[in-house]
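Undergrad: Supplied structure: structure.txt, compact mmCIF, C-alpha atoms and all ligand atoms.
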# COMPACT_ATOMS: atom_id res chain seq x y z
CA MET W 3 23.60 -46.31 28.21
CA PHE W 4 25.20 -45.71 31.58
CA ALA W 5 23.06 -46.67 34.57
CA SER W 6 24.09 -43.33 36.10
CA VAL W 7 21.93 -41.57 33.47
CA LEU W 8 18.91 -43.59 34.60
CA LEU W 9 19.60 -42.87 38.26
CA ASP W 10 20.14 -39.16 37.61
CA GLU W 11 16.82 -38.94 35.77
CA CYS W 12 15.18 -40.80 38.66
CA ARG W 13 16.60 -38.30 41.14
CA LYS W 14 15.23 -35.39 39.09
CA ALA W 15 11.81 -37.10 39.01
CA GLY W 16 11.77 -37.66 42.79
CA ILE W 17 12.34 -41.42 42.55
CA ASP W 18 14.61 -41.89 45.53
CA PHE W 19 14.13 -45.48 46.69
CA PHE W 20 15.43 -48.56 44.91
CA THR W 21 14.86 -52.24 45.56
CA GLY W 22 14.77 -55.50 43.67
CA VAL W 23 16.53 -58.76 43.00
CA PRO W 24 19.74 -58.64 40.93
CA ASP W 25 20.03 -59.77 37.34
CA SER W 26 23.08 -60.11 35.09
CA PHE W 27 21.49 -57.88 32.38
CA LEU W 28 21.07 -55.24 35.10
CA LYS W 29 24.58 -55.63 36.53
CA GLY W 30 25.44 -52.05 35.54
CA LEU W 31 22.44 -50.76 37.50
CA CYS W 32 23.19 -53.06 40.46
CA ASP W 33 26.85 -51.95 40.56
CA GLU W 34 25.84 -48.31 40.39
CA LEU W 35 23.26 -48.70 43.17
CA TYR W 36 25.69 -50.64 45.37
CA ASP W 37 28.41 -48.07 44.90
CA ARG W 38 26.11 -45.12 45.58
CA PHE W 39 23.94 -46.51 48.38
CA GLY W 40 25.27 -49.89 49.61
CA THR W 41 22.55 -52.51 50.01
CA ASP W 42 21.13 -52.05 53.45
CA GLY W 43 20.51 -48.31 53.67
CA PRO W 44 17.35 -46.25 53.44
CA SER W 45 17.76 -45.70 49.68
CA HIS W 46 18.52 -49.22 48.49
CA ILE W 47 17.48 -52.64 49.77
CA VAL W 48 18.19 -55.93 48.01
CA ALA W 49 14.91 -57.80 48.47
CA HIS W 50 14.34 -61.53 49.01
CA ASN W 51 12.05 -61.82 46.00
CA GLU W 52 10.53 -59.55 43.41
CA GLY W 53 7.00 -59.60 44.87
CA GLY W 54 8.42 -58.50 48.21
CA ALA W 55 10.36 -55.77 46.44
CA LEU W 56 7.14 -54.44 44.92
CA GLY W 57 5.56 -54.43 48.37
CA LEU W 58 8.49 -52.35 49.64
CA CYS W 59 7.97 -49.89 46.79
CA ALA W 60 4.29 -49.64 47.66
CA GLY W 61 5.11 -48.93 51.31
CA HIS W 62 7.61 -46.28 50.29
CA TYR W 63 5.00 -44.59 48.11
CA LEU W 64 2.38 -44.67 50.88
CA ALA W 65 4.83 -43.06 53.28
CA THR W 66 6.39 -40.47 50.99
CA GLY W 67 4.18 -39.97 47.95
CA HIS W 68 7.24 -40.78 45.80
CA PRO W 69 7.22 -43.69 43.39
CA ALA W 70 10.10 -46.14 43.82
CA LEU W 71 12.14 -48.18 41.35
CA CYS W 72 11.88 -51.97 41.42
CA TYR W 73 14.49 -53.93 39.41
CA MET W 74 14.34 -57.57 38.42
CA GLN W 75 15.14 -60.18 35.81
CA ASN W 76 12.04 -60.94 33.72
CA SER W 77 11.89 -64.35 35.46
CA GLY W 78 10.95 -62.36 38.57
CA LEU W 79 7.81 -60.99 36.93
CA GLY W 80 6.02 -64.15 38.02
CA ASN W 81 6.74 -63.30 41.65
CA THR W 82 5.19 -59.85 41.15
CA VAL W 83 1.96 -60.81 39.40
CA ASN W 84 -0.11 -60.96 42.57
CA PRO W 85 0.94 -57.55 43.96
CA LEU W 86 0.73 -56.07 40.44
CA THR W 87 -2.89 -57.20 40.07
CA SER W 88 -4.16 -56.83 43.63
CA LEU W 89 -2.05 -54.03 45.17
CA THR W 90 -0.56 -51.55 42.73
CA ASP W 91 -3.13 -51.80 39.90
CA PRO W 92 -5.28 -48.72 39.22
CA ALA W 93 -8.38 -50.85 39.91
CA VAL W 94 -7.14 -51.38 43.48
CA TYR W 95 -4.79 -48.89 45.22
CA ALA W 96 -3.29 -47.28 42.09
CA ILE W 97 0.26 -47.19 43.43
CA PRO W 98 2.85 -46.03 40.89
CA CYS W 99 6.20 -47.77 40.59
CA LEU W 100 8.90 -47.94 37.94
CA LEU W 101 9.86 -51.50 37.04
CA VAL W 102 13.27 -52.03 35.43
CA ILE W 103 13.28 -55.49 33.89
CA GLY W 104 16.20 -57.40 32.38
CA TRP W 105 14.94 -59.11 29.22
CA ARG W 106 16.49 -62.58 29.25
CA GLY W 107 15.38 -64.84 26.41
CA GLU W 108 14.44 -62.03 24.04
CA PRO W 109 13.16 -63.68 20.86
CA GLY W 110 15.97 -63.90 18.30
CA VAL W 111 18.70 -63.59 20.93
CA LYS W 112 20.34 -66.87 21.95
CA ASP W 113 19.79 -67.67 25.62
CA GLU W 114 19.45 -70.61 27.98
CA PRO W 115 16.34 -72.86 27.85
CA GLN W 116 14.89 -71.58 31.13
CA HIS W 117 14.66 -68.07 29.64
CA VAL W 118 13.08 -68.89 26.28
CA LYS W 119 9.41 -68.99 27.33
CA GLN W 120 9.65 -66.06 29.75
CA GLY W 121 11.53 -64.04 27.15
CA ALA W 122 8.86 -64.69 24.54
CA VAL W 123 5.96 -63.64 26.78
CA THR W 124 7.51 -60.72 28.68
CA LEU W 125 6.08 -57.88 26.59
CA SER W 126 2.66 -59.48 26.23
CA GLN W 127 2.57 -60.18 29.98
CA LEU W 128 3.15 -56.48 30.65
CA ASP W 129 0.51 -55.57 28.07
CA LEU W 130 -1.98 -57.99 29.61
CA LEU W 131 -1.36 -56.44 33.03
CA GLY W 132 -1.93 -52.97 31.52
CA ILE W 133 1.60 -51.82 32.32
CA PRO W 134 2.92 -49.15 29.91
CA ARG W 135 6.42 -50.04 28.77
CA ALA W 136 9.47 -48.82 26.90
CA THR W 137 12.47 -50.81 25.73
CA LEU W 138 16.07 -49.79 26.30
CA SER W 139 18.44 -51.05 23.60
CA PRO W 140 22.23 -50.93 23.44
CA ASP W 141 21.97 -48.19 20.81
CA THR W 142 19.45 -46.03 22.69
CA SER W 143 21.07 -42.60 23.12
CA ASP W 144 20.83 -40.68 26.38
CA ASP W 145 18.49 -38.18 24.70
CA ASP W 146 16.24 -40.88 23.28
CA PHE W 147 16.16 -42.47 26.72
CA ARG W 148 15.02 -39.19 28.28
CA VAL W 149 12.06 -39.13 25.87
CA LEU W 150 11.13 -42.73 26.77
CA PHE W 151 11.58 -41.96 30.44
CA GLY W 152 9.23 -38.98 30.12
CA VAL W 153 6.51 -41.27 28.75
CA LEU W 154 7.00 -43.69 31.65
CA LEU W 155 6.91 -40.83 34.15
CA ALA W 156 3.61 -39.64 32.70
CA ALA W 157 2.17 -43.10 33.43
CA LEU W 158 3.50 -42.94 37.00
CA CYS W 159 1.74 -39.60 37.42
CA GLU W 160 -1.54 -41.36 36.53
CA GLY W 161 -1.00 -43.81 39.40
CA LYS W 162 0.22 -46.62 37.15
CA VAL W 163 3.13 -49.01 37.28
CA ALA W 164 5.36 -48.54 34.20
CA ALA W 165 8.19 -50.70 32.95
CA LEU W 166 11.57 -50.13 31.33
CA VAL W 167 12.52 -53.39 29.61
CA VAL W 168 16.30 -53.65 29.29
CA ARG W 169 17.89 -55.56 26.43
CA LYS W 170 21.20 -57.36 26.80
CA GLY W 171 24.08 -54.87 27.01
CA ALA W 172 21.80 -51.82 27.16
CA LEU W 173 22.61 -50.69 30.71
CA VAL W 174 26.25 -50.47 31.75
CA SER W 175 28.32 -48.86 34.48
CA ASP W 176 31.91 -47.76 34.90
CA ARG W 177 31.73 -48.62 38.59
CA HIS W 178 32.98 -52.08 39.46
CA PRO W 179 32.54 -52.68 43.17
CA ALA W 180 34.47 -55.59 44.69
CA TYR W 181 31.89 -57.99 46.07
CA GLY W 182 33.14 -60.81 48.25
CA ASN W 183 33.78 -62.30 51.66
CA ASN W 184 36.65 -63.89 53.57
CA ALA W 185 35.75 -67.52 52.93
CA VAL W 186 38.29 -69.73 51.17
CA LEU W 187 36.32 -72.78 50.06
CA THR W 188 34.90 -72.35 46.56
CA ARG W 189 31.34 -73.39 45.71
CA GLU W 190 32.65 -75.83 43.12
CA GLU W 191 35.04 -77.49 45.62
CA ALA W 192 32.17 -77.78 48.08
CA ALA W 193 29.89 -79.33 45.45
CA ASP W 194 32.62 -81.80 44.51
CA LEU W 195 33.13 -82.92 48.13
CA ILE W 196 29.39 -83.37 48.61
CA LEU W 197 28.92 -85.34 45.38
CA ARG W 198 31.83 -87.61 46.41
CA ALA W 199 30.42 -88.14 49.93
CA ALA W 200 27.04 -89.36 48.68
CA SER W 201 26.27 -93.01 48.07
CA PRO W 202 25.58 -94.23 44.51
CA SER W 203 21.85 -94.60 45.13
CA ASP W 204 21.44 -90.98 46.34
CA CYS W 205 19.94 -88.32 44.10
CA PHE W 206 20.44 -84.56 43.95
CA VAL W 207 18.26 -81.55 43.23
CA SER W 208 20.42 -78.50 42.64
CA THR W 209 19.45 -74.84 42.55
CA THR W 210 19.27 -72.20 39.83
CA GLY W 211 22.53 -70.63 38.73
CA LYS W 212 26.17 -71.60 38.61
CA LEU W 213 25.88 -74.33 41.24
CA SER W 214 23.89 -76.51 38.84
CA ARG W 215 26.39 -75.76 36.07
CA GLU W 216 29.20 -76.84 38.40
CA VAL W 217 27.38 -80.06 39.31
CA PHE W 218 27.03 -80.82 35.59
CA GLU W 219 30.72 -80.17 34.90
CA LEU W 220 31.85 -82.15 37.96
CA ARG W 221 29.99 -85.22 36.68
CA GLU W 222 31.76 -84.81 33.33
CA LYS W 223 35.13 -84.38 35.05
CA HIS W 224 34.66 -87.61 36.99
CA GLY W 225 33.37 -89.50 33.95
CA GLU W 226 29.93 -89.95 35.54
CA ASP W 227 26.53 -89.65 33.87
CA HIS W 228 23.95 -87.06 34.91
CA ARG W 229 20.98 -89.21 35.78
CA ARG W 230 21.24 -88.72 39.55
CA ASP W 231 20.97 -84.93 39.27
CA PHE W 232 17.93 -82.75 38.65
CA LEU W 233 19.34 -79.36 37.68
CA THR W 234 16.73 -76.73 38.50
CA VAL W 235 17.89 -74.28 35.85
CA GLY W 236 14.96 -71.90 36.38
CA SER W 237 12.41 -71.48 39.19
CA MET W 238 14.82 -69.87 41.62
CA GLY W 239 14.02 -70.77 45.22
CA HIS W 240 12.02 -73.90 44.49
CA ALA W 241 14.75 -76.58 44.51
CA SER W 242 14.08 -77.56 48.13
CA MET W 243 10.37 -78.11 47.47
CA ILE W 244 11.23 -80.23 44.42
CA ALA W 245 13.58 -82.23 46.63
CA LEU W 246 10.87 -82.59 49.28
CA GLY W 247 8.44 -83.86 46.64
CA VAL W 248 10.95 -86.50 45.57
CA ALA W 249 11.82 -87.40 49.17
CA GLU W 250 8.16 -87.86 50.14
CA ALA W 251 7.43 -90.09 47.16
CA LYS W 252 10.67 -92.09 47.44
CA PRO W 253 11.18 -92.55 51.18
CA ASP W 254 13.86 -95.21 50.67
CA ARG W 255 16.10 -92.99 48.60
CA ARG W 256 18.30 -90.31 50.09
CA VAL W 257 17.69 -86.93 48.46
CA TRP W 258 20.16 -84.06 48.62
CA CYS W 259 19.08 -80.52 47.82
CA LEU W 260 22.02 -78.32 46.81
CA ASP W 261 20.74 -74.80 47.42
CA GLY W 262 22.03 -71.22 47.44
CA ASP W 263 21.52 -68.64 50.19
CA GLY W 264 19.77 -66.24 47.83
CA ALA W 265 17.49 -69.02 46.64
CA VAL W 266 16.65 -70.15 50.18
CA LEU W 267 15.81 -66.61 51.15
CA MET W 268 13.61 -66.11 48.07
CA HIS W 269 11.08 -68.67 49.35
CA LEU W 270 12.01 -69.06 52.98
CA GLY W 271 8.68 -70.66 53.87
CA SER W 272 9.96 -73.91 52.34
CA LEU W 273 12.07 -74.45 55.47
CA ALA W 274 8.91 -74.55 57.57
CA VAL W 275 7.23 -77.08 55.30
CA ILE W 276 10.32 -79.31 55.31
CA GLY W 277 10.56 -79.03 59.09
CA ARG W 278 6.88 -79.87 59.47
CA ARG W 279 6.98 -82.87 57.11
CA SER W 280 10.32 -83.99 58.60
CA PRO W 281 11.51 -86.33 55.81
CA LYS W 282 14.17 -88.68 57.20
CA ASN W 283 15.79 -88.98 53.77
CA LEU W 284 16.35 -85.29 52.97
CA ILE W 285 19.64 -83.44 53.29
CA HIS W 286 19.43 -79.74 52.51
CA VAL W 287 22.82 -78.23 51.74
CA VAL W 288 22.90 -74.44 51.58
CA ILE W 289 25.94 -72.94 49.88
CA ASN W 290 26.20 -69.62 51.67
CA ASN W 291 28.42 -67.14 49.86
CA GLY W 292 26.40 -64.16 51.07
CA ALA W 293 25.78 -63.16 47.46
CA HIS W 294 23.76 -63.55 44.29
CA GLU W 295 27.02 -64.69 42.76
CA THR W 296 25.58 -66.13 39.57
CA VAL W 297 24.23 -62.77 38.41
CA GLY W 298 27.14 -60.55 39.40
CA GLY W 299 27.82 -60.93 43.12
CA MET W 300 25.54 -58.35 44.70
CA PRO W 301 25.00 -59.26 48.38
CA VAL W 302 21.99 -61.27 49.43
CA CYS W 303 19.61 -59.14 51.54
CA SER W 304 21.31 -59.96 54.80
CA GLY W 305 24.86 -61.31 54.82
CA ALA W 306 24.33 -62.03 58.51
CA LEU W 307 21.32 -64.28 57.94
CA ASN W 308 21.48 -67.06 60.54
CA ILE W 309 20.46 -70.02 58.40
CA GLU W 310 21.30 -72.46 61.18
CA ALA W 311 18.93 -70.78 63.64
CA LEU W 312 16.19 -70.59 61.01
CA ALA W 313 16.49 -74.28 60.18
CA LYS W 314 16.48 -75.26 63.85
CA ALA W 315 13.41 -73.14 64.49
CA ALA W 316 11.71 -74.66 61.42
CA GLY W 317 12.18 -78.15 62.86
CA TYR W 318 15.13 -79.66 60.96
CA ARG W 319 16.43 -82.63 62.97
CA HIS W 320 20.12 -81.78 62.56
CA VAL W 321 21.78 -78.50 61.63
CA LEU W 322 25.47 -78.47 60.75
CA ARG W 323 27.98 -76.05 59.35
CA ALA W 324 31.27 -76.35 57.44
CA ASP W 325 33.61 -73.63 56.25
CA SER W 326 36.68 -75.47 54.97
CA ALA W 327 37.36 -78.46 52.74
CA ALA W 328 38.48 -80.49 55.77
CA THR W 329 35.40 -79.75 57.89
CA LEU W 330 33.08 -80.23 54.93
CA GLN W 331 34.56 -83.61 54.05
CA GLN W 332 34.29 -84.78 57.65
CA THR W 333 30.75 -83.44 58.05
CA ALA W 334 29.47 -84.75 54.71
CA GLU W 335 30.79 -88.24 55.49
CA SER W 336 29.13 -88.21 58.92
CA LEU W 337 25.72 -87.49 57.35
CA ALA W 338 25.14 -91.13 56.38
CA SER W 339 24.41 -91.98 60.01
CA LEU W 340 22.03 -89.06 60.59
CA GLN W 341 18.26 -88.99 60.17
CA GLY W 342 16.88 -86.09 58.17
CA PRO W 343 15.86 -83.52 57.64
CA VAL W 344 19.40 -82.25 57.92
CA LEU W 345 20.51 -78.77 56.99
CA LEU W 346 24.18 -78.33 56.22
CA GLU W 347 25.31 -74.76 55.71
CA VAL W 348 28.58 -74.44 53.80
CA ARG W 349 30.29 -71.05 53.98
CA CYS W 350 31.87 -70.42 50.59
CA ALA W 351 33.83 -67.76 48.77
CA CYS W 352 32.07 -65.54 46.26
CA GLY W 353 33.28 -66.42 42.77
CA ALA W 354 33.44 -69.01 40.04
CA ARG W 355 35.73 -70.37 37.39
CA LYS W 356 35.87 -68.09 34.33
CA ASP W 357 35.53 -71.03 31.94
CA LEU W 358 32.51 -72.60 33.65
CA GLY W 359 30.32 -74.20 30.98
CA ARG W 360 26.60 -74.93 30.84
CA PRO W 361 24.70 -78.22 30.72
CA THR W 362 24.93 -79.76 27.26
CA THR W 363 21.78 -81.83 27.76
CA THR W 364 18.31 -80.34 27.45
CA PRO W 365 15.99 -79.95 30.46
CA VAL W 366 13.72 -82.68 29.09
CA GLN W 367 16.68 -85.06 28.69
CA ASN W 368 17.61 -84.20 32.29
CA ARG W 369 14.05 -84.91 33.46
CA ASP W 370 13.83 -88.25 31.66
CA ALA W 371 17.21 -89.49 32.89
CA PHE W 372 16.43 -88.44 36.46
CA MET W 373 13.02 -90.10 36.39
CA SER W 374 14.41 -93.34 35.06
CA PHE W 375 17.11 -93.29 37.77
CA LEU W 376 14.50 -92.71 40.49
CA ASN W 377 12.26 -95.45 39.19
CA ALA W 378 14.92 -98.04 38.34
C1 LIG V 401 12.67 -65.43 40.20
C2 LIG V 401 14.09 -65.17 39.80
N1 LIG V 401 14.66 -64.00 40.13
C3 LIG V 401 15.95 -63.75 39.77
C4 LIG V 401 16.65 -64.66 39.04
C5 LIG V 401 18.08 -64.36 38.58
N2 LIG V 401 19.04 -65.18 39.30
C6 LIG V 401 19.56 -66.33 38.82
S1 LIG V 401 20.65 -67.03 39.84
C7 LIG V 401 20.49 -65.77 40.95
C8 LIG V 401 21.31 -65.71 42.19
C9 LIG V 401 21.15 -66.90 43.08
O1 LIG V 401 21.80 -66.61 44.31
P1 LIG V 401 22.17 -67.78 45.28
O2 LIG V 401 21.02 -68.71 45.44
O3 LIG V 401 22.73 -67.20 46.53
O4 LIG V 401 23.29 -68.58 44.48
P2 LIG V 401 24.74 -68.12 43.98
O5 LIG V 401 24.54 -67.57 42.61
O6 LIG V 401 25.29 -67.14 44.95
O7 LIG V 401 25.51 -69.40 43.96
C10 LIG V 401 19.55 -64.84 40.52
C11 LIG V 401 19.16 -63.63 41.28
C12 LIG V 401 16.00 -65.85 38.70
N3 LIG V 401 16.61 -66.82 38.00
N4 LIG V 401 14.74 -66.08 39.08
For this file, produce the structure as structure tokens.

TA:
Amino acid sequence: MFASVLLDECRKAGIDFFTGVPDSFLKGLCDELYDRFGTDGPSHIVAHNEGGALGLCAGHYLATGHPALCYMQNSGLGNTVNPLTSLTDPAVYAIPCLLVIGWRGEPGVKDEPQHVKQGAVTLSQLDLLGIPRATLSPDTSDDDFRVLFGVLLAALCEGKVAALVVRKGALVSDRHPAYGNNAVLTREEAADLILRAASPSDCFVSTTGKLSREVFELREKHGEDHRRDFLTVGSMGHASMIALGVAEAKPDRRVWCLDGDGAVLMHLGSLAVIGRRSPKNLIHVVINNGAHETVGGMPVCSGALNIEALAKAAGYRHVLRADSAATLQQTAESLASLQGPVLLEVRCACGARKDLGRPTTTPVQNRDAFMSFLNA
């Protein structure tokens, strides 16, 4: 079904505010929203995380009496559990909101390991939370959708949150906005330069999305094994805390966190904890492409986010920036003489190789190899 049908039905029902975190299964909806409203206007805001998005929806309802639409990948449900149980629930403030959830890892549909568990529990999680739901499939007709939508609207009228669970390929758009920026360095080139600049005893914790896939493929390309890299395939936003945990427990080993701007923003408080703990052996690299590139390229909440100023204010010892291969190479090589925590922001283009593969090892194999490297 076209996302425009969903948005038109929303308009008729008085749902006039949209927020969330992008997802590849919801790319049609994201493209449609971006094209109609941009991302920073009064009608549409790309949020830093899904719990925050639900808070925004609650505020909108309090101010207008109109329910809002909150979109997310099902992995984001975890970030919403607290506001769903202690803010919007009928037993508390009874604030209606329409969730639109991309169903990664649907049982019977092949998907990546980080989606399997969340995919299996998505419907029962919603049931447990008492959230009425309907499922949108690729073969759902516009008329059938309107019936489902009517049922969800009835729940909203009772002060409930209701959810539209979207299967792969069920929501499409004929709008294809051109996301991007003026940067020239690609994320993969940046990752390559950083991996080359590190010393053989260093380890890496990389973030959710294509960056970890690129790290995996770069090791293959250079004929290296994968034991130095922990690829955080799920748990978006938590790579820097994983890296801090490693750095605290292994003070003699240099730890690099390879992060994304969307991921940093999702759990920004991590910067404060890293600044406070001040690990000398931690280098936090933030690949800033201004976008959620992995899931379609929709801009991160604020393209103008001043990561350098945030890191300085949080207490990082050194804050550096690179925006070309030459400056990155120079900067990355100079890091060996610096005491951490260091934050290196790398301004990158928005895009990836079309033939980018995925890790061929399992997460448990990754864990075991990484642990034996750390403890060798
Ligand atoms: C909690 C959660 N919400 C949403 C997603 C879907 N998701 C996977 S990667 C990604 C974008 C990450 O953006 P960024 O960190 O800037 O990295 P980029 O893809 O731009 O390299 C999103 C939103 C997720 N995996 N987990």

Undergrad: Which centre and edge lengths in Å to one decimal define the box along x, y and z that fits every listed atom of ligand LIG 401 (chain V) plus 4 Å per side, as AutoDock Vina command-line options?

TA:
--center_x 19.1 --center_y -66.5 --center_z 42.3 --size_x 20.8 --size_y 13.8 --size_z 16.5

Undergrad: Taking all atoms listed in the file into account, which residues are within 6 Å of ligand LIG 401 (chain V), as number ranges by chain?

TA: W: 23-25, 75, 77-78, 210-213, 236-238, 262-265, 291, 293-297

Undergrad: Can you work out the spacing between CA of Leu154 (chain W) and CA of Phe19 (chain W) in Å, to one decimal?

TA: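 Between CA of Leu154 (chain W) and CA of Phe19 (chain W) the gap works out to 16.7 Å.
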
Undergrad: In Å to one decimal, how far is CA of Thr209 (chain W) from CA of Glu222 (chain W)?

TA: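 According to the coordinates, CA of Glu222 (chain W) and CA of Thr209 (chain W) are separated by 18.3 Å.
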
Undergrad: Write out as a list in words each polymer residue whose atoms come within 9 Å of Leu195 (chain W), counting only C-alpha atoms; drop sequence neighbours fewer than 6 positions from it.

TA: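 Here the answer would be Ala327, Leu330, Gln331 and Ala334 of chain W.
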
Undergrad: Restricted to C-alpha atoms, what would the selected residues look like written as a compact mmCIF listing (two decimals), in the frame of the given file?

TA:
# COMPACT_ATOMS: atom_id res chain seq x y z
CA ALA W 327 37.36 -78.46 52.74
CA LEU W 330 33.08 -80.23 54.93
CA GLN W 331 34.56 -83.61 54.05
CA ALA W 334 29.47 -84.75 54.71

Undergrad: Nearest to Met300 (chain W): which of W:Phe232, W:Tyr95, W:Tyr36, W:Phe206 is it, counting only C-alpha atoms?

TA: W:Tyr36

Undergrad: Quick one: pull the distance between CA of Val167 (chain W) and CA of Ile103 (chain W), Å, one decimal.

TA: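 Straight-line distance from CA of Val167 (chain W) to CA of Ile103 (chain W) works out to 4.8 Å.
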
Undergrad: Around the point (18.6, -50.1, 25.7), in the coordinates given by the file, pick out the residues reaching within 7 Å, counting all atoms listed in the file, and return them as a list in words.

TA: Met3, Thr137, Leu138, Ser139, Pro140, Asp141, Thr142, Val168, Arg169, Ala172 and Leu173 of chain W

Undergrad: Nearest residue to Val288 (chain W) out of W:Ala251, W:Leu128, W:Val266, W:Leu71, using all atoms listed in the file?

TA: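 Smallest separation from Val288 (chain W) among the options: W:Val266.
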
Undergrad: In the coordinates of the file, take the point (19.2, -82.7, 48.7) and a cut-off of 9 Å; then, counting only C-alpha atoms, name each qualifying protein, DNA or RNA residue as a list in words.

TA: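 Applying the cut-off with only C-alpha atoms, one gets Asp204, Cys205, Phe206, Val207, Ser208, Ala241, Ser242, Ala245, Leu246, Ala249, Arg256, Val257, Trp258, Cys259, Leu260, Asp261, Asn283, Leu284, Ile285, His286 and Val287 of chain W.
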